[in-house]
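Structure file model34.csv; described as CSV, N, CA, C and O atoms.
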```csv
chain,number,residue,atom,x,y,z
A,1462,MET,N,-7.4,8.6,-5.7
A,1462,MET,CA,-7.3,9.8,-6.5
A,1462,MET,C,-8.4,9.9,-7.4
A,1462,MET,O,-9.1,8.9,-7.7
A,1463,ASP,N,-8.6,11.0,-8.0
A,1463,ASP,CA,-9.7,11.1,-9.0
A,1463,ASP,C,-9.1,10.5,-10.3
A,1463,ASP,O,-8.1,11.0,-10.9
A,1464,VAL,N,-9.8,9.5,-10.8
A,1464,VAL,CA,-9.3,8.8,-12.0
A,1464,VAL,C,-10.2,9.2,-13.3
A,1464,VAL,O,-10.0,8.6,-14.3
A,1465,GLU,N,-11.0,10.2,-13.2
A,1465,GLU,CA,-11.8,10.6,-14.3
A,1465,GLU,C,-11.0,10.9,-15.5
A,1465,GLU,O,-11.3,10.5,-16.6
A,1466,THR,N,-9.9,11.7,-15.4
A,1466,THR,CA,-9.1,12.1,-16.5
A,1466,THR,C,-8.5,10.8,-17.1
A,1466,THR,O,-8.5,10.7,-18.4
A,1467,ALA,N,-7.9,9.9,-16.3
A,1467,ALA,CA,-7.3,8.7,-16.8
A,1467,ALA,C,-8.3,7.8,-17.6
A,1467,ALA,O,-8.0,7.2,-18.6
A,1468,ALA,N,-9.5,7.8,-17.1
A,1468,ALA,CA,-10.6,7.0,-17.7
A,1468,ALA,C,-10.9,7.6,-19.1
A,1468,ALA,O,-11.3,6.8,-20.0
A,1469,THR,N,-10.7,8.9,-19.3
A,1469,THR,CA,-10.9,9.5,-20.6
A,1469,THR,C,-9.7,9.4,-21.5
A,1469,THR,O,-9.8,9.1,-22.7
A,1470,THR,N,-8.5,9.7,-21.0
A,1470,THR,CA,-7.3,9.8,-21.8
A,1470,THR,C,-6.6,8.5,-22.1
A,1470,THR,O,-5.9,8.5,-23.1
A,1471,ASP,N,-6.7,7.6,-21.2
A,1471,ASP,CA,-5.9,6.3,-21.3
A,1471,ASP,C,-4.4,6.6,-21.3
A,1471,ASP,O,-3.6,5.9,-21.9
A,1472,GLU,N,-4.0,7.6,-20.5
A,1472,GLU,CA,-2.6,7.9,-20.4
A,1472,GLU,C,-2.1,7.7,-19.0
A,1472,GLU,O,-2.7,8.1,-18.0
A,1473,LEU,N,-0.9,7.0,-18.9
A,1473,LEU,CA,-0.3,6.7,-17.6
A,1473,LEU,C,0.0,7.9,-16.8
A,1473,LEU,O,-0.2,7.8,-15.5
A,1474,GLN,N,0.3,9.0,-17.3
A,1474,GLN,CA,0.7,10.2,-16.5
A,1474,GLN,C,-0.6,10.8,-15.8
A,1474,GLN,O,-0.5,11.6,-15.0
A,1475,ASP,N,-1.8,10.3,-16.2
A,1475,ASP,CA,-3.0,10.8,-15.6
A,1475,ASP,C,-3.5,9.9,-14.4
A,1475,ASP,O,-4.6,10.1,-13.9
A,1476,THR,N,-2.7,9.0,-14.0
A,1476,THR,CA,-3.0,8.1,-12.9
A,1476,THR,C,-1.8,7.7,-12.1
A,1476,THR,O,-0.7,8.2,-12.4
A,1477,LEU,N,-1.9,6.8,-11.1
A,1477,LEU,CA,-0.8,6.3,-10.4
A,1477,LEU,C,-0.4,5.0,-11.0
A,1477,LEU,O,-1.2,4.1,-11.3
A,1478,SER,N,0.9,4.8,-11.2
A,1478,SER,CA,1.4,3.6,-11.9
A,1478,SER,C,1.4,2.5,-10.8
A,1478,SER,O,1.9,2.6,-9.7
A,1479,TYR,N,0.9,1.4,-11.2
A,1479,TYR,CA,0.9,0.2,-10.4
A,1479,TYR,C,2.3,-0.2,-10.1
A,1479,TYR,O,2.6,-0.7,-9.0
A,1480,ALA,N,3.2,0.0,-11.0
A,1480,ALA,CA,4.6,-0.3,-10.8
A,1480,ALA,C,5.2,0.5,-9.7
A,1480,ALA,O,6.0,0.0,-8.9
A,1481,ASP,N,4.9,1.8,-9.7
A,1481,ASP,CA,5.4,2.7,-8.6
A,1481,ASP,C,4.8,2.2,-7.3
A,1481,ASP,O,5.6,2.2,-6.3
A,1482,LEU,N,3.6,1.9,-7.2
A,1482,LEU,CA,3.0,1.5,-6.0
A,1482,LEU,C,3.6,0.2,-5.5
A,1482,LEU,O,3.8,0.0,-4.3
A,1483,PHE,N,3.8,-0.8,-6.4
A,1483,PHE,CA,4.5,-2.0,-6.1
A,1483,PHE,C,5.8,-1.8,-5.5
A,1483,PHE,O,6.2,-2.4,-4.5
A,1484,GLN,N,6.6,-0.9,-6.1
A,1484,GLN,CA,8.0,-0.6,-5.7
A,1484,GLN,C,7.9,0.0,-4.2
A,1484,GLN,O,8.8,-0.4,-3.4
A,1485,ILE,N,7.0,0.9,-3.9
A,1485,ILE,CA,6.9,1.4,-2.6
A,1485,ILE,C,6.6,0.3,-1.6
A,1485,ILE,O,7.2,0.2,-0.5
A,1486,ALA,N,5.6,-0.6,-1.9
A,1486,ALA,CA,5.3,-1.7,-1.0
A,1486,ALA,C,6.5,-2.6,-0.8
A,1486,ALA,O,6.8,-3.0,0.3
A,1487,LYS,N,7.2,-2.9,-1.9
A,1487,LYS,CA,8.4,-3.8,-1.8
A,1487,LYS,C,9.4,-3.2,-0.9
A,1487,LYS,O,10.0,-3.9,-0.1
A,1488,GLU,N,9.7,-1.9,-1.1
A,1488,GLU,CA,10.7,-1.2,-0.2
A,1488,GLU,C,10.3,-1.3,1.2
A,1488,GLU,O,11.2,-1.5,2.1
A,1489,GLU,N,9.1,-1.0,1.5
A,1489,GLU,CA,8.6,-1.0,2.9
A,1489,GLU,C,8.6,-2.4,3.5
A,1489,GLU,O,8.8,-2.6,4.7
A,1490,MET,N,8.3,-3.4,2.7
A,1490,MET,CA,8.2,-4.8,3.2
A,1490,MET,C,9.6,-5.3,3.5
A,1490,MET,O,9.8,-6.2,4.3
A,1491,MET,N,10.7,-4.7,3.0
A,1491,MET,CA,12.0,-5.1,3.2
A,1491,MET,C,12.5,-4.6,4.6
A,1491,MET,O,13.5,-5.1,5.1
A,1492,ILE,N,11.8,-3.7,5.2
A,1492,ILE,CA,12.2,-3.2,6.6
A,1492,ILE,C,11.6,-4.1,7.6
A,1492,ILE,O,10.3,-4.2,7.7
A,1493,PRO,N,12.4,-4.7,8.5
A,1493,PRO,CA,11.8,-5.6,9.5
A,1493,PRO,C,10.8,-4.9,10.4
A,1493,PRO,O,11.1,-3.7,10.8
A,1494,SER,N,9.7,-5.5,10.7
A,1494,SER,CA,8.7,-4.9,11.6
A,1494,SER,C,8.0,-6.1,12.3
A,1494,SER,O,7.9,-7.2,11.8
A,1495,GLN,N,7.5,-5.8,13.5
A,1495,GLN,CA,6.8,-6.8,14.3
A,1495,GLN,C,5.4,-6.9,13.9
A,1495,GLN,O,4.7,-7.9,14.0
A,1496,LEU,N,4.8,-5.7,13.5
A,1496,LEU,CA,3.3,-5.7,13.3
A,1496,LEU,C,3.0,-5.4,11.8
A,1496,LEU,O,3.6,-4.5,11.2
A,1497,LEU,N,2.0,-6.1,11.3
A,1497,LEU,CA,1.5,-5.8,10.0
A,1497,LEU,C,0.9,-4.4,9.9
A,1497,LEU,O,1.1,-3.7,8.9
A,1498,GLU,N,0.3,-3.9,11.0
A,1498,GLU,CA,-0.2,-2.6,11.1
A,1498,GLU,C,0.8,-1.5,10.8
A,1498,GLU,O,0.6,-0.5,10.2
A,1499,HIS,N,2.0,-1.7,11.4
A,1499,HIS,CA,3.1,-0.8,11.2
A,1499,HIS,C,3.6,-0.7,9.8
A,1499,HIS,O,3.8,0.4,9.2
A,1500,VAL,N,3.7,-1.9,9.2
A,1500,VAL,CA,4.1,-1.9,7.8
A,1500,VAL,C,3.1,-1.2,6.9
A,1500,VAL,O,3.4,-0.4,6.0
A,1501,ALA,N,1.8,-1.5,7.1
A,1501,ALA,CA,0.7,-0.9,6.3
A,1501,ALA,C,0.8,0.6,6.5
A,1501,ALA,O,0.6,1.4,5.5
A,1502,GLY,N,1.0,1.1,7.7
A,1502,GLY,CA,1.0,2.6,8.0
A,1502,GLY,C,2.2,3.2,7.2
A,1502,GLY,O,2.1,4.3,6.7
A,1503,ARG,N,3.3,2.5,7.2
A,1503,ARG,CA,4.5,3.1,6.5
A,1503,ARG,C,4.3,3.1,5.0
A,1503,ARG,O,4.6,4.1,4.3
A,1504,ILE,N,3.6,2.1,4.5
A,1504,ILE,CA,3.3,2.1,3.0
A,1504,ILE,C,2.4,3.2,2.7
A,1504,ILE,O,2.6,4.0,1.7
A,1505,CYS,N,1.4,3.5,3.5
A,1505,CYS,CA,0.5,4.6,3.2
A,1505,CYS,C,1.2,5.9,3.2
A,1505,CYS,O,1.0,6.7,2.3
A,1506,GLN,N,2.0,6.1,4.3
A,1506,GLN,CA,2.7,7.4,4.4
A,1506,GLN,C,3.7,7.6,3.2
A,1506,GLN,O,3.8,8.7,2.7
A,1507,HIS,N,4.3,6.5,2.8
A,1507,HIS,CA,5.3,6.6,1.6
A,1507,HIS,C,4.5,7.0,0.4
A,1507,HIS,O,5.0,7.8,-0.4
A,1508,ILE,N,3.3,6.4,0.2
A,1508,ILE,CA,2.5,6.7,-1.0
A,1508,ILE,C,2.2,8.2,-1.0
A,1508,ILE,O,2.3,8.9,-2.0
A,1509,TYR,N,1.7,8.7,0.2
A,1509,TYR,CA,1.3,10.1,0.3
A,1509,TYR,C,2.5,11.0,0.0
A,1509,TYR,O,2.4,12.0,-0.7
A,1510,GLN,N,3.7,10.6,0.5
A,1510,GLN,CA,4.9,11.5,0.3
A,1510,GLN,C,5.3,11.5,-1.2
A,1510,GLN,O,5.8,12.5,-1.7
A,1511,ALA,N,5.2,10.3,-1.9
A,1511,ALA,CA,5.7,10.2,-3.2
A,1511,ALA,C,4.6,10.7,-4.3
A,1511,ALA,O,5.0,11.1,-5.4
A,1512,HIS,N,3.4,10.7,-3.9
A,1512,HIS,CA,2.3,11.0,-4.9
A,1512,HIS,C,1.3,12.0,-4.2
A,1512,HIS,O,0.4,11.6,-3.5
A,1513,SER,N,1.4,13.3,-4.6
A,1513,SER,CA,0.6,14.3,-4.0
A,1513,SER,C,-0.9,14.1,-4.4
A,1513,SER,O,-1.8,14.6,-3.8
A,1514,CYS,N,-1.1,13.4,-5.5
A,1514,CYS,CA,-2.5,13.2,-6.0
A,1514,CYS,C,-3.2,12.1,-5.2
A,1514,CYS,O,-4.5,12.1,-5.3
A,1515,ALA,N,-2.5,11.3,-4.4
A,1515,ALA,CA,-3.2,10.3,-3.6
A,1515,ALA,C,-4.0,10.9,-2.5
A,1515,ALA,O,-3.4,11.6,-1.7
A,1516,GLN,N,-5.2,10.7,-2.4
A,1516,GLN,CA,-6.1,11.2,-1.4
A,1516,GLN,C,-6.5,10.2,-0.3
A,1516,GLN,O,-6.8,10.6,0.8
A,1517,ALA,N,-6.5,8.9,-0.7
A,1517,ALA,CA,-6.8,7.9,0.3
A,1517,ALA,C,-6.1,6.6,-0.1
A,1517,ALA,O,-5.8,6.4,-1.3
A,1518,VAL,N,-5.8,5.8,0.8
A,1518,VAL,CA,-5.2,4.5,0.6
A,1518,VAL,C,-5.9,3.4,1.3
A,1518,VAL,O,-6.2,3.6,2.5
A,1519,ASP,N,-6.2,2.4,0.6
A,1519,ASP,CA,-6.8,1.1,1.2
A,1519,ASP,C,-5.7,0.0,1.0
A,1519,ASP,O,-5.4,-0.2,-0.2
A,1520,ILE,N,-5.3,-0.6,2.0
A,1520,ILE,CA,-4.3,-1.6,1.9
A,1520,ILE,C,-4.6,-2.8,2.7
A,1520,ILE,O,-5.1,-2.7,3.9
A,1521,THR,N,-4.4,-4.0,2.2
A,1521,THR,CA,-4.6,-5.3,2.9
A,1521,THR,C,-3.3,-6.0,2.8
A,1521,THR,O,-2.7,-6.2,1.8
A,1522,ILE,N,-2.8,-6.4,4.0
A,1522,ILE,CA,-1.6,-7.2,4.1
A,1522,ILE,C,-1.9,-8.5,4.8
A,1522,ILE,O,-2.5,-8.5,5.9
A,1523,GLU,N,-1.5,-9.6,4.2
A,1523,GLU,CA,-1.8,-10.9,4.9
A,1523,GLU,C,-0.5,-11.7,5.0
A,1523,GLU,O,0.4,-11.5,4.2
A,1524,LYS,N,-0.4,-12.4,6.1
A,1524,LYS,CA,0.8,-13.2,6.4
A,1524,LYS,C,0.4,-14.6,6.5
A,1524,LYS,O,-0.4,-15.1,7.2
A,1525,GLU,N,1.1,-15.4,5.6
A,1525,GLU,CA,0.9,-16.8,5.6
A,1525,GLU,C,1.7,-17.5,6.8
A,1525,GLU,O,2.7,-17.0,7.2
A,1526,ASN,N,1.1,-18.6,7.2
A,1526,ASN,CA,1.8,-19.4,8.3
A,1526,ASN,C,2.0,-18.6,9.5
A,1526,ASN,O,3.0,-18.7,10.2
A,1527,ALA,N,1.0,-17.7,9.9
A,1527,ALA,CA,1.1,-16.9,11.1
A,1527,ALA,C,0.9,-17.8,12.3
A,1527,ALA,O,0.0,-18.7,12.2
A,1528,PRO,N,1.6,-17.6,13.4
A,1528,PRO,CA,1.3,-18.4,14.6
A,1528,PRO,C,0.0,-17.8,15.2
A,1528,PRO,O,0.0,-16.8,15.8
A,1529,VAL,N,-1.0,-18.6,15.1
A,1529,VAL,CA,-2.3,-18.2,15.6
A,1529,VAL,C,-2.8,-18.9,16.8
A,1529,VAL,O,-3.9,-18.7,17.3
A,1530,GLY,N,-2.0,-19.7,17.3
A,1530,GLY,CA,-2.4,-20.5,18.5
A,1530,GLY,C,-1.4,-21.5,18.8
A,1530,GLY,O,-0.4,-21.8,18.0
A,1531,THR,N,-1.6,-22.3,19.9
A,1531,THR,CA,-0.6,-23.3,20.2
A,1531,THR,C,-0.5,-24.4,19.1
A,1531,THR,O,-1.5,-25.1,18.9
A,1532,GLY,N,0.6,-24.4,18.5
A,1532,GLY,CA,0.9,-25.4,17.5
A,1532,GLY,C,0.1,-25.1,16.1
A,1532,GLY,O,0.3,-25.8,15.2
A,1533,ALA,N,-0.8,-24.2,16.1
A,1533,ALA,CA,-1.6,-24.0,14.9
A,1533,ALA,C,-1.0,-22.9,14.1
A,1533,ALA,O,-0.3,-22.0,14.6
A,1534,GLN,N,-1.1,-23.0,12.8
A,1534,GLN,CA,-0.7,-21.9,11.9
A,1534,GLN,C,-1.8,-21.6,10.9
A,1534,GLN,O,-2.5,-22.5,10.5
A,1535,GLY,N,-1.9,-20.4,10.5
A,1535,GLY,CA,-2.9,-20.0,9.5
A,1535,GLY,C,-2.6,-18.7,8.9
A,1535,GLY,O,-1.5,-18.1,9.1
A,1536,LEU,N,-3.6,-18.1,8.2
A,1536,LEU,CA,-3.4,-16.9,7.5
A,1536,LEU,C,-4.0,-15.8,8.5
A,1536,LEU,O,-5.0,-15.9,9.0
A,1537,ALA,N,-3.1,-14.7,8.6
A,1537,ALA,CA,-3.6,-13.6,9.4
A,1537,ALA,C,-3.3,-12.3,8.6
A,1537,ALA,O,-2.4,-12.3,7.8
A,1538,GLY,N,-4.2,-11.3,8.8
A,1538,GLY,CA,-4.0,-10.1,8.0
A,1538,GLY,C,-4.7,-8.9,8.6
A,1538,GLY,O,-5.5,-9.1,9.5
A,1539,ILE,N,-4.5,-7.8,8.0
A,1539,ILE,CA,-5.1,-6.5,8.4
A,1539,ILE,C,-5.5,-5.8,7.1
A,1539,ILE,O,-4.9,-5.9,6.1
A,1540,THR,N,-6.5,-4.9,7.3
A,1540,THR,CA,-6.9,-4.0,6.2
A,1540,THR,C,-6.9,-2.6,6.9
A,1540,THR,O,-7.4,-2.4,8.0
A,1541,LEU,N,-6.2,-1.7,6.2
A,1541,LEU,CA,-6.1,-0.3,6.8
A,1541,LEU,C,-6.6,0.7,5.7
A,1541,LEU,O,-6.3,0.6,4.5
A,1542,HIS,N,-7.4,1.6,6.1
A,1542,HIS,CA,-7.9,2.7,5.3
A,1542,HIS,C,-7.4,4.0,5.9
A,1542,HIS,O,-7.6,4.3,7.1
A,1543,THR,N,-6.7,4.8,5.1
A,1543,THR,CA,-6.2,6.1,5.5
A,1543,THR,C,-6.7,7.2,4.5
A,1543,THR,O,-6.9,6.9,3.3
A,1544,GLU,N,-6.8,8.4,5.0
A,1544,GLU,CA,-7.1,9.5,4.1
A,1544,GLU,C,-6.2,10.7,4.5
A,1544,GLU,O,-5.7,10.8,5.6
A,1545,ARG,N,-5.9,11.5,3.5
A,1545,ARG,CA,-5.1,12.7,3.7
A,1545,ARG,C,-5.9,13.6,4.6
A,1545,ARG,O,-7.0,13.8,4.6
```

Written as structure tokens, that's how I'd like the structure from this file.
Amino acid sequence: MDVETAATTDELQDTLSYADLFQIAKEEMMIPSQLLEHVAGRICQHIYQAHSCAQAVDITIEKENAPVGTGAQGLAGITLHTER
């Protein structure tokens, strides 16, 4: 979103609240999914539905202890960029 007004006013109503964005991510993470891509897509859509001022979303989701090979575990993740 355009944050020029918030940079000048220092008022929460002129930007997106991190608390609101966290709540959206938390709600979507509670829904079982097989793919991180699917979760990331749902989070983006939820943000667009809840906040008409959101013009683009960049999201990174990482999964600890992901099964990355025979007997191996590691960090796996995706980054998704969407625009209205």

Inset, instruction - Using atom O of A:Glu1498 and atom N of A:Glu1523 as the two end points, give the distance in Å to one decimal. - result: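 Going from atom O of A:Glu1498 over to atom N of A:Glu1523 covers 11.1 Å.
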
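Between atom CA of A:Gln1516 and atom CA of A:Met1462 the interatomic distance comes to 5.4 Å.
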
Inset, instruction - To one decimal in Å, tell me the separation between atom CA of A:Cys1505 and atom CA of A:Thr1540. - result: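 According to the coordinates, atom CA of A:Cys1505 and atom CA of A:Thr1540 are separated by 11.7 Å.
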
Legend entry - Those of chain A in DSSP alpha helix (DSSP H), formatted as a ChimeraX atom specification: /A:1465-1470,1479-1490,1497-1511

Interface rows for stretch 1503-1530 of chain A against stretch 1481-1488 of chain A: nearest pair, Å to one decimal, 7 Å, only N, CA, C and O atoms, as a Markdown table:
```
| residue | atom | partner | partner_atom | distance |
| --- | --- | --- | --- | --- |
| A:Arg1503 | O | A:Ile1485 | O | 6.7 |
| A:Ile1504 | CA | A:Ile1485 | O | 5.6 |
| A:His1507 | C | A:Ile1485 | CA | 6.8 |
| A:Ile1508 | N | A:Ile1485 | CA | 6.8 |
```
